[in-house]
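Raw protein.txt, compact mmCIF, C-alpha atoms and all ligand atoms:
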```txt
# COMPACT_ATOMS: atom_id res chain seq x y z
CA MET A 191 28.22 -3.21 -18.94
CA GLU A 192 25.58 -5.76 -17.96
CA LYS A 193 22.16 -4.32 -17.09
CA ILE A 194 21.44 -4.29 -13.38
CA HIS A 195 17.93 -5.22 -12.20
CA ALA A 196 16.42 -4.49 -8.79
CA VAL A 197 15.23 -7.75 -7.23
CA ILE A 198 13.23 -8.34 -4.07
CA LYS A 199 15.24 -10.56 -1.70
CA GLY A 200 12.81 -10.74 1.23
CA VAL A 201 9.59 -9.43 2.74
CA GLY A 202 8.64 -8.48 6.29
CA GLY A 203 5.31 -7.48 7.72
CA TYR A 204 3.53 -6.42 10.86
CA VAL A 205 -0.02 -5.61 11.91
CA PRO A 206 -1.08 -4.32 15.33
CA ASP A 207 -3.02 -6.65 17.66
CA TYR A 208 -6.30 -4.77 18.06
CA ILE A 209 -9.03 -6.09 15.74
CA LEU A 210 -11.88 -3.72 14.90
CA THR A 211 -14.70 -5.94 13.64
CA ASN A 212 -17.72 -4.95 11.55
CA ASP A 213 -19.89 -5.79 14.54
CA GLU A 214 -18.03 -3.29 16.72
CA LEU A 215 -18.19 -0.69 13.93
CA SER A 216 -21.92 -1.18 13.59
CA ARG A 217 -22.25 -0.16 17.24
CA MET A 218 -20.24 3.03 16.54
CA VAL A 219 -21.95 4.24 13.33
CA ASP A 220 -25.10 3.43 11.33
CA THR A 221 -23.76 0.49 9.30
CA THR A 222 -23.96 -3.30 9.10
CA ASP A 223 -21.63 -6.22 8.49
CA GLU A 224 -23.76 -7.06 5.45
CA TRP A 225 -23.33 -3.57 3.87
CA ILE A 226 -19.58 -3.52 4.46
CA MET A 227 -19.07 -7.06 3.14
CA THR A 228 -21.14 -6.55 -0.01
CA ARG A 229 -19.99 -3.00 -0.86
CA ILE A 230 -16.31 -3.26 0.20
CA GLY A 231 -15.44 -6.85 1.22
CA ILE A 232 -13.89 -6.09 4.62
CA LYS A 233 -14.66 -8.18 7.72
CA GLU A 234 -12.16 -6.63 10.13
CA ARG A 235 -9.16 -4.33 10.27
CA ARG A 236 -6.21 -3.86 12.66
CA LEU A 237 -5.76 -0.68 14.69
CA LEU A 238 -2.77 0.69 16.60
CA ARG A 239 -4.14 1.47 20.05
CA GLU A 240 -0.93 1.69 22.10
CA GLU A 241 -0.29 5.09 23.63
CA GLY A 242 2.91 6.73 22.36
CA LYS A 243 3.25 4.43 19.33
CA ALA A 244 3.17 5.65 15.73
CA THR A 245 3.75 4.73 12.09
CA SER A 246 7.53 4.36 12.61
CA ASP A 247 6.89 1.69 15.26
CA LEU A 248 4.87 -0.40 12.79
CA GLY A 249 7.60 0.15 10.20
CA VAL A 250 10.27 -0.91 12.69
CA GLU A 251 8.45 -4.19 13.42
CA ALA A 252 8.17 -4.94 9.68
CA VAL A 253 11.87 -4.13 9.13
CA LYS A 254 12.89 -6.30 12.14
CA ASN A 255 10.94 -9.18 10.61
CA LEU A 256 12.60 -8.52 7.23
CA PHE A 257 16.11 -8.41 8.71
CA ALA A 258 15.55 -11.61 10.71
CA LYS A 259 14.36 -13.46 7.60
CA THR A 260 17.09 -12.18 5.28
CA GLY A 261 19.99 -12.03 7.74
CA THR A 262 20.45 -8.34 6.97
CA LYS A 263 22.51 -6.20 9.36
CA PRO A 264 21.45 -2.58 9.92
CA GLU A 265 24.87 -1.22 8.93
CA GLU A 266 24.63 -2.86 5.48
CA VAL A 267 21.60 -0.81 4.39
CA ASP A 268 22.45 2.16 2.16
CA LEU A 269 18.97 3.57 1.43
CA LEU A 270 15.61 3.37 3.22
CA ILE A 271 12.41 4.78 1.72
CA CYS A 272 9.17 4.91 3.68
CA ALA A 273 5.90 5.34 1.79
CA THR A 274 3.26 6.81 4.09
CA VAL A 275 0.50 9.42 4.37
CA THR A 276 0.48 9.14 8.16
CA PRO A 277 4.02 10.15 9.18
CA ASP A 278 4.82 10.29 12.90
CA MET A 279 5.24 14.06 12.50
CA ARG A 280 5.04 16.60 9.65
CA PHE A 281 8.82 16.48 9.81
CA PRO A 282 11.33 14.87 10.15
CA ALA A 283 10.64 12.05 7.72
CA THR A 284 9.37 8.81 9.30
CA SER A 285 12.09 6.96 7.35
CA CYS A 286 14.73 8.82 9.43
CA ILE A 287 12.94 7.78 12.63
CA ILE A 288 12.82 4.14 11.49
CA CYS A 289 16.58 4.25 10.73
CA ASP A 290 17.29 5.67 14.18
CA LYS A 291 15.16 3.06 15.97
CA MET A 292 16.73 0.25 13.90
CA GLY A 293 20.36 1.40 14.25
CA ILE A 294 20.64 1.98 10.49
CA LYS A 295 23.59 4.39 10.41
CA ASN A 296 25.08 4.15 6.91
CA ALA A 297 21.98 4.93 4.87
CA PHE A 298 20.21 7.99 3.59
CA ALA A 299 16.46 7.97 4.02
CA PHE A 300 13.38 9.80 2.84
CA ASP A 301 9.59 9.51 2.78
CA LEU A 302 7.40 9.27 -0.27
CA THR A 303 3.80 10.46 -0.12
CA SER A 304 1.51 9.15 -2.77
CA GLY A 305 -1.48 7.77 -0.90
CA CYS A 306 -2.52 4.29 -1.89
CA SER A 307 -0.04 4.31 -4.80
CA GLY A 308 2.77 5.01 -2.33
CA PHE A 309 4.33 1.56 -2.37
CA VAL A 310 4.20 1.22 -6.18
CA TYR A 311 5.75 4.68 -6.62
CA ALA A 312 8.38 3.87 -3.98
CA LEU A 313 9.19 0.55 -5.66
CA SER A 314 9.67 2.33 -8.98
CA THR A 315 11.89 4.95 -7.28
CA ALA A 316 13.92 2.39 -5.30
CA ALA A 317 14.46 0.29 -8.44
CA ARG A 318 16.16 3.25 -10.17
CA PHE A 319 18.60 3.65 -7.24
CA VAL A 320 19.50 -0.05 -7.37
CA GLU A 321 19.75 -0.09 -11.19
CA SER A 322 22.26 2.80 -10.97
CA GLY A 323 24.73 0.30 -9.49
CA ARG A 324 25.51 2.58 -6.55
CA TYR A 325 23.07 1.17 -3.98
CA LYS A 326 23.30 -2.49 -2.94
CA LYS A 327 20.79 -2.89 -0.12
CA VAL A 328 17.66 -0.76 -0.28
CA VAL A 329 14.85 -1.16 2.22
CA LEU A 330 11.39 -0.10 1.15
CA VAL A 331 8.73 0.33 3.84
CA GLY A 332 5.00 0.95 3.43
CA ALA A 333 3.56 1.87 6.82
CA GLU A 334 0.37 3.56 7.95
CA VAL A 335 -1.61 4.42 11.03
CA MET A 336 -4.72 5.32 9.05
CA SER A 337 -6.75 5.27 12.27
CA SER A 338 -5.00 8.56 13.18
CA ILE A 339 -6.74 10.37 10.28
CA ILE A 340 -10.11 8.56 10.14
CA ASP A 341 -13.29 10.07 11.52
CA TYR A 342 -14.95 7.23 13.44
CA THR A 343 -18.28 9.09 13.29
CA ASP A 344 -18.28 9.04 9.45
CA ARG A 345 -19.75 5.77 8.16
CA ALA A 346 -18.64 6.53 4.60
CA THR A 347 -14.93 6.25 5.44
CA CYS A 348 -14.44 4.53 8.81
CA PRO A 349 -15.15 0.95 7.68
CA ILE A 350 -12.55 1.12 4.90
CA PHE A 351 -9.16 1.77 6.48
CA GLY A 352 -6.77 -0.11 8.77
CA ASP A 353 -3.23 0.11 10.17
CA GLY A 354 -0.19 -1.99 9.27
CA ALA A 355 3.27 -2.08 7.72
CA GLY A 356 5.27 -4.11 5.26
CA ALA A 357 8.90 -3.95 4.13
CA VAL A 358 10.92 -5.41 1.27
CA LEU A 359 14.66 -5.64 0.66
CA LEU A 360 15.88 -4.75 -2.84
CA GLU A 361 19.28 -5.78 -4.17
CA PRO A 362 20.98 -5.66 -7.57
CA SER A 363 21.09 -8.66 -9.92
CA THR A 364 22.44 -9.06 -13.44
CA GLU A 365 19.88 -11.80 -14.08
CA ALA A 366 16.53 -10.77 -15.58
CA TYR A 367 14.52 -10.90 -12.35
CA GLY A 368 12.94 -8.16 -10.25
CA VAL A 369 11.44 -4.94 -11.59
CA LEU A 370 11.27 -5.36 -15.38
CA ASP A 371 8.63 -2.92 -16.63
CA GLU A 372 6.15 -0.36 -15.37
CA GLU A 373 3.50 2.14 -16.31
CA MET A 374 2.64 5.02 -13.99
CA GLY A 375 0.28 7.99 -14.08
CA THR A 376 -0.98 11.02 -12.17
CA ASP A 377 -3.91 13.41 -12.59
CA GLY A 378 -4.02 16.16 -9.97
CA TYR A 379 -7.62 16.98 -10.84
CA GLY A 380 -8.55 13.97 -8.74
CA ARG A 381 -7.54 15.74 -5.54
CA VAL A 382 -11.05 17.24 -5.29
CA HIS A 383 -12.44 13.76 -4.61
CA LEU A 384 -9.90 12.47 -2.09
CA HIS A 385 -7.88 14.59 0.31
CA MET A 386 -7.48 15.93 3.84
CA LYS A 387 -8.75 19.50 3.99
CA ALA A 388 -6.77 20.96 6.87
CA GLY A 389 -3.34 20.67 8.43
CA GLY A 390 -1.32 21.68 5.36
CA SER A 391 -0.07 25.12 4.26
CA LEU A 392 -3.42 25.78 2.53
CA MET A 393 -5.36 25.52 5.79
CA PRO A 394 -3.11 25.31 8.84
CA PRO A 395 -4.58 23.75 11.99
CA SER A 396 -6.82 26.01 14.06
CA HIS A 397 -9.67 25.66 16.55
CA GLU A 398 -12.02 26.15 13.62
CA THR A 399 -10.51 23.34 11.50
CA ILE A 400 -10.75 20.99 14.47
CA ASP A 401 -14.35 22.00 15.28
CA LYS A 402 -15.27 21.39 11.63
CA ARG A 403 -13.56 17.95 11.65
CA LEU A 404 -11.29 18.84 8.74
CA HIS A 405 -8.28 16.76 9.81
CA TYR A 406 -9.69 13.49 8.53
CA VAL A 407 -9.77 11.63 5.21
CA TYR A 408 -12.34 13.24 2.91
CA GLN A 409 -13.46 10.87 0.14
CA GLU A 410 -16.22 10.98 -2.46
CA GLY A 411 -16.45 7.23 -2.90
CA GLN A 412 -18.17 6.93 -6.26
CA PRO A 413 -15.83 9.00 -8.48
CA VAL A 414 -12.80 7.46 -6.75
CA PHE A 415 -14.26 4.01 -7.38
CA LYS A 416 -14.84 4.70 -11.09
CA TRP A 417 -11.35 6.12 -11.65
CA ALA A 418 -9.74 3.30 -9.67
CA VAL A 419 -11.40 0.58 -11.77
CA VAL A 420 -10.42 2.21 -15.07
CA LYS A 421 -6.88 3.36 -14.28
CA MET A 422 -5.72 0.32 -12.34
CA ALA A 423 -7.03 -2.02 -15.03
CA ASP A 424 -5.58 0.14 -17.85
CA VAL A 425 -2.01 0.06 -16.54
CA ALA A 426 -2.11 -3.53 -15.31
CA GLU A 427 -3.42 -4.73 -18.66
CA ALA A 428 -0.91 -2.59 -20.60
CA VAL A 429 2.04 -4.01 -18.65
CA MET A 430 0.71 -7.55 -19.04
CA LYS A 431 0.00 -7.32 -22.77
CA ARG A 432 3.21 -5.66 -23.91
CA ASN A 433 5.29 -8.20 -22.00
CA HIS A 434 3.17 -11.14 -23.24
CA LEU A 435 2.50 -12.37 -19.70
CA ASP A 436 0.37 -15.51 -19.52
CA PRO A 437 -2.91 -14.79 -17.64
CA ASN A 438 -2.93 -18.38 -16.34
CA LYS A 439 0.48 -17.97 -14.71
CA THR A 440 0.64 -14.30 -13.68
CA TRP A 441 0.00 -13.21 -10.09
CA LEU A 442 -2.01 -10.03 -9.58
CA VAL A 443 -0.91 -8.03 -6.52
CA PRO A 444 -3.57 -5.30 -6.38
CA HIS A 445 -3.93 -2.49 -3.87
CA GLN A 446 -6.66 -3.50 -1.41
CA ALA A 447 -9.26 -0.71 -1.48
CA ASN A 448 -12.43 -2.55 -2.44
CA LEU A 449 -13.05 -6.18 -3.43
CA ARG A 450 -15.24 -5.00 -6.31
CA ILE A 451 -12.34 -2.94 -7.73
CA ILE A 452 -9.97 -5.93 -7.42
CA ASP A 453 -12.50 -8.23 -9.16
CA ALA A 454 -12.95 -5.74 -12.02
CA VAL A 455 -9.18 -5.48 -12.60
CA ALA A 456 -8.76 -9.28 -12.49
CA ARG A 457 -11.60 -9.68 -15.00
CA ARG A 458 -10.01 -7.17 -17.42
CA MET A 459 -6.76 -9.14 -17.19
CA GLU A 460 -8.63 -12.45 -17.62
CA LEU A 461 -6.94 -13.89 -14.54
CA SER A 462 -8.43 -16.74 -12.56
CA SER A 463 -9.26 -15.93 -8.94
CA GLU A 464 -6.54 -18.16 -7.45
CA ARG A 465 -3.87 -15.93 -9.08
CA VAL A 466 -5.20 -12.81 -7.32
CA MET A 467 -3.75 -11.90 -3.93
CA ILE A 468 -6.49 -10.69 -1.56
CA ASN A 469 -6.36 -9.98 2.18
CA ILE A 470 -8.70 -6.97 2.35
CA GLN A 471 -11.18 -9.01 4.41
CA LYS A 472 -8.85 -9.04 7.44
CA TYR A 473 -6.77 -5.85 7.13
CA GLY A 474 -8.93 -3.39 5.14
CA ASN A 475 -7.20 -0.65 3.20
CA THR A 476 -3.83 0.02 4.82
CA THR A 477 -2.93 2.55 2.05
CA ALA A 478 0.85 2.27 1.36
CA ALA A 479 1.07 -1.02 3.30
CA THR A 480 -1.42 -3.16 1.35
CA ILE A 481 1.02 -4.45 -1.29
CA PRO A 482 3.96 -5.40 0.97
CA LEU A 483 1.46 -7.07 3.34
CA LEU A 484 0.19 -9.16 0.40
CA LEU A 485 3.75 -10.14 -0.58
CA TRP A 486 4.45 -10.99 3.07
CA GLU A 487 1.49 -13.36 3.21
CA TRP A 488 2.03 -14.92 -0.22
CA GLU A 489 5.84 -15.21 -0.03
CA ASN A 490 5.69 -18.96 0.72
CA LYS A 491 3.54 -19.64 -2.33
CA LEU A 492 5.79 -17.76 -4.77
CA LYS A 493 8.48 -19.51 -6.80
CA LYS A 494 11.59 -18.19 -8.51
CA GLY A 495 10.62 -16.92 -11.97
CA ASP A 496 6.94 -16.25 -11.13
CA ASP A 497 5.53 -13.17 -12.86
CA LEU A 498 3.76 -10.62 -10.67
CA VAL A 499 1.81 -7.55 -11.75
CA ILE A 500 1.67 -5.12 -8.84
CA CYS A 501 -0.84 -2.28 -9.26
CA ALA A 502 -2.43 0.50 -7.26
CA PHE A 503 -4.63 3.58 -7.45
CA GLY A 504 -4.86 6.34 -4.88
CA SER A 505 -5.03 9.98 -3.93
CA GLY A 506 -3.55 12.46 -6.34
CA PHE A 507 -5.05 10.84 -8.31
CA SER A 508 -2.07 8.56 -8.77
CA TRP A 509 -1.80 5.07 -10.21
CA GLY A 510 0.73 2.57 -11.49
CA ALA A 511 1.54 -1.02 -12.39
CA ILE A 512 4.87 -2.85 -12.19
CA TRP A 513 5.91 -6.17 -13.73
CA LEU A 514 8.13 -7.98 -11.27
CA LYS A 515 9.77 -11.39 -11.73
CA TRP A 516 10.16 -13.14 -8.38
CA ALA A 517 13.82 -13.88 -7.64
CA TYR A 518 13.77 -16.64 -4.98
O1 LIG A 601 -7.56 3.45 -1.75
C1 LIG A 601 -7.72 4.76 -2.18
C2 LIG A 601 -8.73 4.80 -3.20
N1 LIG A 601 -10.04 4.61 -2.62
C3 LIG A 601 -10.88 3.77 -3.20
O2 LIG A 601 -10.54 3.09 -4.12
C4 LIG A 601 -12.31 3.75 -2.70
C5 LIG A 601 -13.24 3.72 -3.85
N2 LIG A 601 -14.64 3.81 -3.46
C6 LIG A 601 -15.30 2.78 -2.87
O3 LIG A 601 -14.71 1.77 -2.57
C7 LIG A 601 -16.80 2.90 -2.67
O4 LIG A 601 -17.27 4.01 -3.38
C8 LIG A 601 -17.21 3.03 -1.17
C9 LIG A 601 -16.95 1.74 -0.45
C10 LIG A 601 -16.43 4.16 -0.51
C11 LIG A 601 -18.70 3.33 -1.07
O5 LIG A 601 -19.45 2.33 -1.75
P1 LIG A 601 -20.55 2.72 -2.82
O6 LIG A 601 -21.12 1.48 -3.32
O7 LIG A 601 -19.94 3.66 -3.82
O8 LIG A 601 -21.63 3.44 -1.92
P2 LIG A 601 -22.18 4.95 -2.04
O9 LIG A 601 -21.19 5.91 -1.52
O10 LIG A 601 -22.76 5.16 -3.39
O11 LIG A 601 -23.38 4.87 -1.03
C12 LIG A 601 -24.55 4.04 -1.28
C13 LIG A 601 -25.49 4.15 -0.11
C14 LIG A 601 -25.79 5.59 0.31
O12 LIG A 601 -27.12 5.63 0.77
P3 LIG A 601 -28.30 6.21 -0.19
O13 LIG A 601 -27.88 7.61 -0.53
O14 LIG A 601 -28.31 5.29 -1.37
O15 LIG A 601 -29.50 6.11 0.67
C15 LIG A 601 -24.86 5.81 1.48
O16 LIG A 601 -25.34 6.79 2.38
O17 LIG A 601 -24.89 3.53 1.02
C16 LIG A 601 -24.88 4.44 2.13
N3 LIG A 601 -23.70 4.17 2.93
C17 LIG A 601 -23.69 3.25 3.89
N4 LIG A 601 -24.64 2.43 4.36
C18 LIG A 601 -24.32 1.58 5.36
C19 LIG A 601 -22.46 4.74 2.84
N5 LIG A 601 -21.65 4.18 3.75
C20 LIG A 601 -22.39 3.26 4.42
C21 LIG A 601 -22.11 2.37 5.47
N6 LIG A 601 -23.09 1.55 5.90
N7 LIG A 601 -20.89 2.28 6.04
```
Just give me the structure of the file as structure tokens.
Ligand code: UT7
Amino acid sequence: MEKIHAVIKGVGGYVPDYILTNDELSRMVDTTDEWIMTRIGIKERRLLREEGKATSDLGVEAVKNLFAKTGTKPEEVDLLICATVTPDMRFPATSCIICDKMGIKNAFAFDLTSGCSGFVYALSTAARFVESGRYKKVVLVGAEVMSSIIDYTDRATCPIFGDGAGAVLLEPSTEAYGVLDEEMGTDGYGRVHLHMKAGGSLMPPSHETIDKRLHYVYQEGQPVFKWAVVKMADVAEAVMKRNHLDPNKTWLVPHQANLRIIDAVARRMELSSERVMINIQKYGNTTAATIPLLLWEWENKLKKGDDLVICAFGSGFSWGAIWLKWAY
């Protein structure tokens, strides 16, 4: 039997309208545009401000955009995975809510929680379903309302994150395009440096956890930074080297956490800057949505047969890199 590959057939994206600029942030906490630009590389980020709207609504907009571009009908989809750390509710899964709002009736759906590596992990997972030959149209969503878990009195975390969603359609192909190789890793020790303290079974919500502001992202920036540089570059370089990818022709699609991390990974891979996808300056870190939002913005520049190395690092710690050959 011919080997089946999982290929991306289209990309959709959506960001909410509200723009939180560095100038506005510097009126909220003790920070400056200069500090944020030099230390992180973010100018502005989008925030969901509409009452009653949630992560699923951003996901729905991205999927609508994807369906319009690819001519996909809701009833054709047989699996939908949503990568998110900001689900609408603890349960049910946000993927089920997206299916309901989109009229997707013939699919099964689940969420995948792996922080900033969420989309890479979900792409690896979705590829296995497609490669099995059983699933023909798989929708992969990365969607976050990070503003729902950010403490806007904490200058160490509030400039970093933003809200947004991206979605891709995966289909089978017997040609050698799509997901071709990957390298993934996890080290649970890293949880001490990046987590949310309360709200889980370890520390259920209480008046005390709210008074102590424990329902927000807790991050020790420096250790996370050091691990991110090393692990993202390690796996991206490994995937590139063992597949003999040409640094002059390969696109780097890196998770958007910090411009300095992206630059370090690109340097290790010896890529020129025009091959590196970057939109952190306008969206910030949208966690599981950064990578599909990059693909959404770069889709018009990509050509059939282009090599992409997609890589991410996030809470867990978790990290991964995927070699993907663009199929259209
Ligand atoms: O996507 C998930 C994975 N997450 C990441 O990859 C994030 C990785 N970490 C980072 O990107 C960086 O560590 C941060 C952007 C979070 C922080 O940058 P940094 O260069 O590591 O700064 P720092 O935490 O070492 O802080 C340096 C100084 C400190 O002041 P002192 O102690 O030197 O006087 C901070 O208090 O900068 C201060 N500082 C700020 N100053 C102005 C921290 N936040 C701010 C701020 N504005 N917003």
Produce a table with one row for each residue of chain A that has an atom at most 6 Å from any atom of ligand LIG 601 (chain A), each row naming the nearest atom pair and its distance in Å at one decimal; use all atoms listed in the file; arrange rows by chain and rising residue number; format as CSV.
```
residue,atom,partner,partner_atom,distance
A:Thr221,CA,A:LIG601,N6,3.6
A:Thr222,CA,A:LIG601,N6,5.9
A:Trp225,CA,A:LIG601,C18,5.5
A:Arg229,CA,A:LIG601,O6,5.2
A:Ile230,CA,A:LIG601,C9,5.1
A:Cys306,CA,A:LIG601,O1,5.1
A:Arg345,CA,A:LIG601,N7,4.2
A:Ala346,CA,A:LIG601,N5,3.9
A:Gly411,CA,A:LIG601,O4,3.4
A:Gln412,CA,A:LIG601,O4,4.2
A:Val414,CA,A:LIG601,C5,4.8
A:Phe415,CA,A:LIG601,C5,3.7
A:Ala418,CA,A:LIG601,O2,5.6
A:Ala447,CA,A:LIG601,O1,4.5
A:Asn448,CA,A:LIG601,O3,4.9
A:Gly504,CA,A:LIG601,C1,4.2
```
Top pick for closest residue to Lys402 of chain A, considering A:Asp353, A:Asp453, A:Asp341, A:Asp424 and counting all atoms listed in the file: A:Asp341
Place a sphere of radius 10 Å on (6.4, -9.8, -18.5) in the file coordinates and name every protein, DNA or RNA residue with an atom inside or on its surface, counting only C-alpha atoms; give the answer as a count of residues only. 21
Contact residues around Ile271 of chain A with only C-alpha atoms at 10 Å, ignoring same-chain residues under 5 positions, as a PyMOL selection string: chain A and resi 283-286+288-289+298-302+309+312-313+315-316+328-332+357
Which residues come within 12 Å of Val219 of chain A, counting all atoms listed in the file, excluding same-chain residues fewer than 4 positions away, as a list in words?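 Here the answer would be Asn212, Asp213, Glu214, Leu215, Asp223, Asp341, Tyr342, Thr343, Asp344, Arg345, Ala346, Thr347, Cys348 and Pro349 of chain A.
Across the structure, atom CA of Arg403 of chain A and atom CA of Val382 of chain A are spaced 17.1 Å apart.
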Can you tell me, as a PyMOL selection string, which residues sit within 9 Å of (-7.2, 17.8, 5.9) in the file's frame, using all atoms listed in the file? chain A and resi 339+385-390+393+395+399+403-408
One decimal place gives the atom CA of Val310 of chain A-atom CA of Thr480 of chain A separation as 10.4 Å
Find the distance between atom CA of Ala366 of chain A and atom CA of Ser463 of chain A and write it in Å to one decimal. 27.1 Å
Which is closer to Gly474 of chain A than all the others in A:Ser322, A:Gln446, A:Ser216, A:Ser462, using only C-alpha atoms?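 For Gly474 of chain A, the nearest of the candidates is A:Gln446.
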Given the choices A:Glu265, A:Gly202, A:Met292, A:Glu224, which gets closest to Ala252 of chain A if the distance is worked out from all atoms listed in the file?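 Distance minimum relative to Ala252 of chain A lands on A:Gly202.
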Of the residues A:Leu384, A:Cys272, A:Met459, A:Val443, which is the one nearest to Trp417 of chain A, using all atoms listed in the file?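 Nearest candidate to Trp417 of chain A out of A:Leu384, A:Cys272, A:Met459, A:Val443: A:Leu384.
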Using only C-alpha atoms, the best pick from A:Leu484, A:Ala478, A:Val455, A:Met374 as closest to Ser304 of chain A would be A:Ala478
Closest to Asp247 of chain A among A:Ile194, A:Val205, A:Leu270, A:Ala511, using all atoms listed in the file?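 Ranking A:Ile194, A:Val205, A:Leu270, A:Ala511 by distance to Asp247 of chain A, first place goes to A:Val205.
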Could you list, as a ChimeraX atom specification, every residue within 9 Å of Gly354 of chain A, counting all atoms listed in the file and ignoring same-chain residues fewer than 5 positions away? /A:203-206,236-238,245,248-249,252,332-336,473,476-477,479-480,483
Please provide the set of residues having any atom within 6 Å of Lys472 of chain A, restricted to all atoms listed in the file, with same-chain residues fewer than 4 positions apart removed, written as a ChimeraX atom specification. /A:233-235
Give me the residues near Glu361 of chain A as a list in words, where near means some atom within 9 Å (using all atoms listed in the file) and where sequence neighbours in that chain fewer than 4 positions away do not count.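 Contacts, with the query itself left out: His195, Ala196, Val197, Ile198, Lys199, Ala317, Val320, Tyr325, Lys326, Lys327 and Val328 of chain A.
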With the input short on atoms, add all heavy atoms back to segment 420-425 of chain A and write it as a short mmCIF file (atom, residue, chain, number, x, y, z; two decimals), in the frame of the given file.
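Saved file selection10.cif follows:
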```cif
data_model
loop_
_atom_site.label_atom_id
_atom_site.label_comp_id
_atom_site.auth_asym_id
_atom_site.auth_seq_id
_atom_site.Cartn_x
_atom_site.Cartn_y
_atom_site.Cartn_z
N VAL A 420 -10.93 1.97 -13.71
CA VAL A 420 -10.42 2.21 -15.07
C VAL A 420 -8.89 2.28 -15.08
O VAL A 420 -8.23 1.58 -15.85
CB VAL A 420 -11.03 3.51 -15.64
CG1 VAL A 420 -10.36 3.88 -16.96
CG2 VAL A 420 -12.53 3.36 -15.81
N LYS A 421 -8.33 3.10 -14.21
CA LYS A 421 -6.88 3.36 -14.28
C LYS A 421 -6.05 2.16 -13.85
O LYS A 421 -5.02 1.85 -14.47
CB LYS A 421 -6.52 4.59 -13.43
CG LYS A 421 -7.04 5.89 -13.99
CD LYS A 421 -6.46 6.15 -15.36
CE LYS A 421 -7.01 7.41 -15.99
NZ LYS A 421 -6.55 7.58 -17.38
N MET A 422 -6.49 1.48 -12.78
CA MET A 422 -5.72 0.32 -12.34
C MET A 422 -5.74 -0.78 -13.41
O MET A 422 -4.72 -1.40 -13.70
CB MET A 422 -6.29 -0.23 -11.03
CG MET A 422 -5.27 -0.24 -9.91
SD MET A 422 -6.04 -0.42 -8.32
CE MET A 422 -6.11 -2.17 -8.11
N ALA A 423 -6.92 -0.99 -14.00
CA ALA A 423 -7.03 -2.02 -15.03
C ALA A 423 -6.25 -1.62 -16.28
O ALA A 423 -5.59 -2.45 -16.90
CB ALA A 423 -8.50 -2.28 -15.36
N ASP A 424 -6.31 -0.33 -16.66
CA ASP A 424 -5.58 0.14 -17.85
C ASP A 424 -4.09 -0.17 -17.75
O ASP A 424 -3.51 -0.75 -18.66
CB ASP A 424 -5.71 1.67 -17.99
CG ASP A 424 -7.01 2.08 -18.66
OD1 ASP A 424 -7.76 1.19 -19.11
OD2 ASP A 424 -7.28 3.30 -18.73
N VAL A 425 -3.48 0.23 -16.63
CA VAL A 425 -2.01 0.06 -16.54
C VAL A 425 -1.62 -1.39 -16.32
O VAL A 425 -0.62 -1.87 -16.88
CB VAL A 425 -1.37 0.98 -15.46
CG1 VAL A 425 -1.30 2.41 -15.92
CG2 VAL A 425 -2.07 0.86 -14.11
#
```
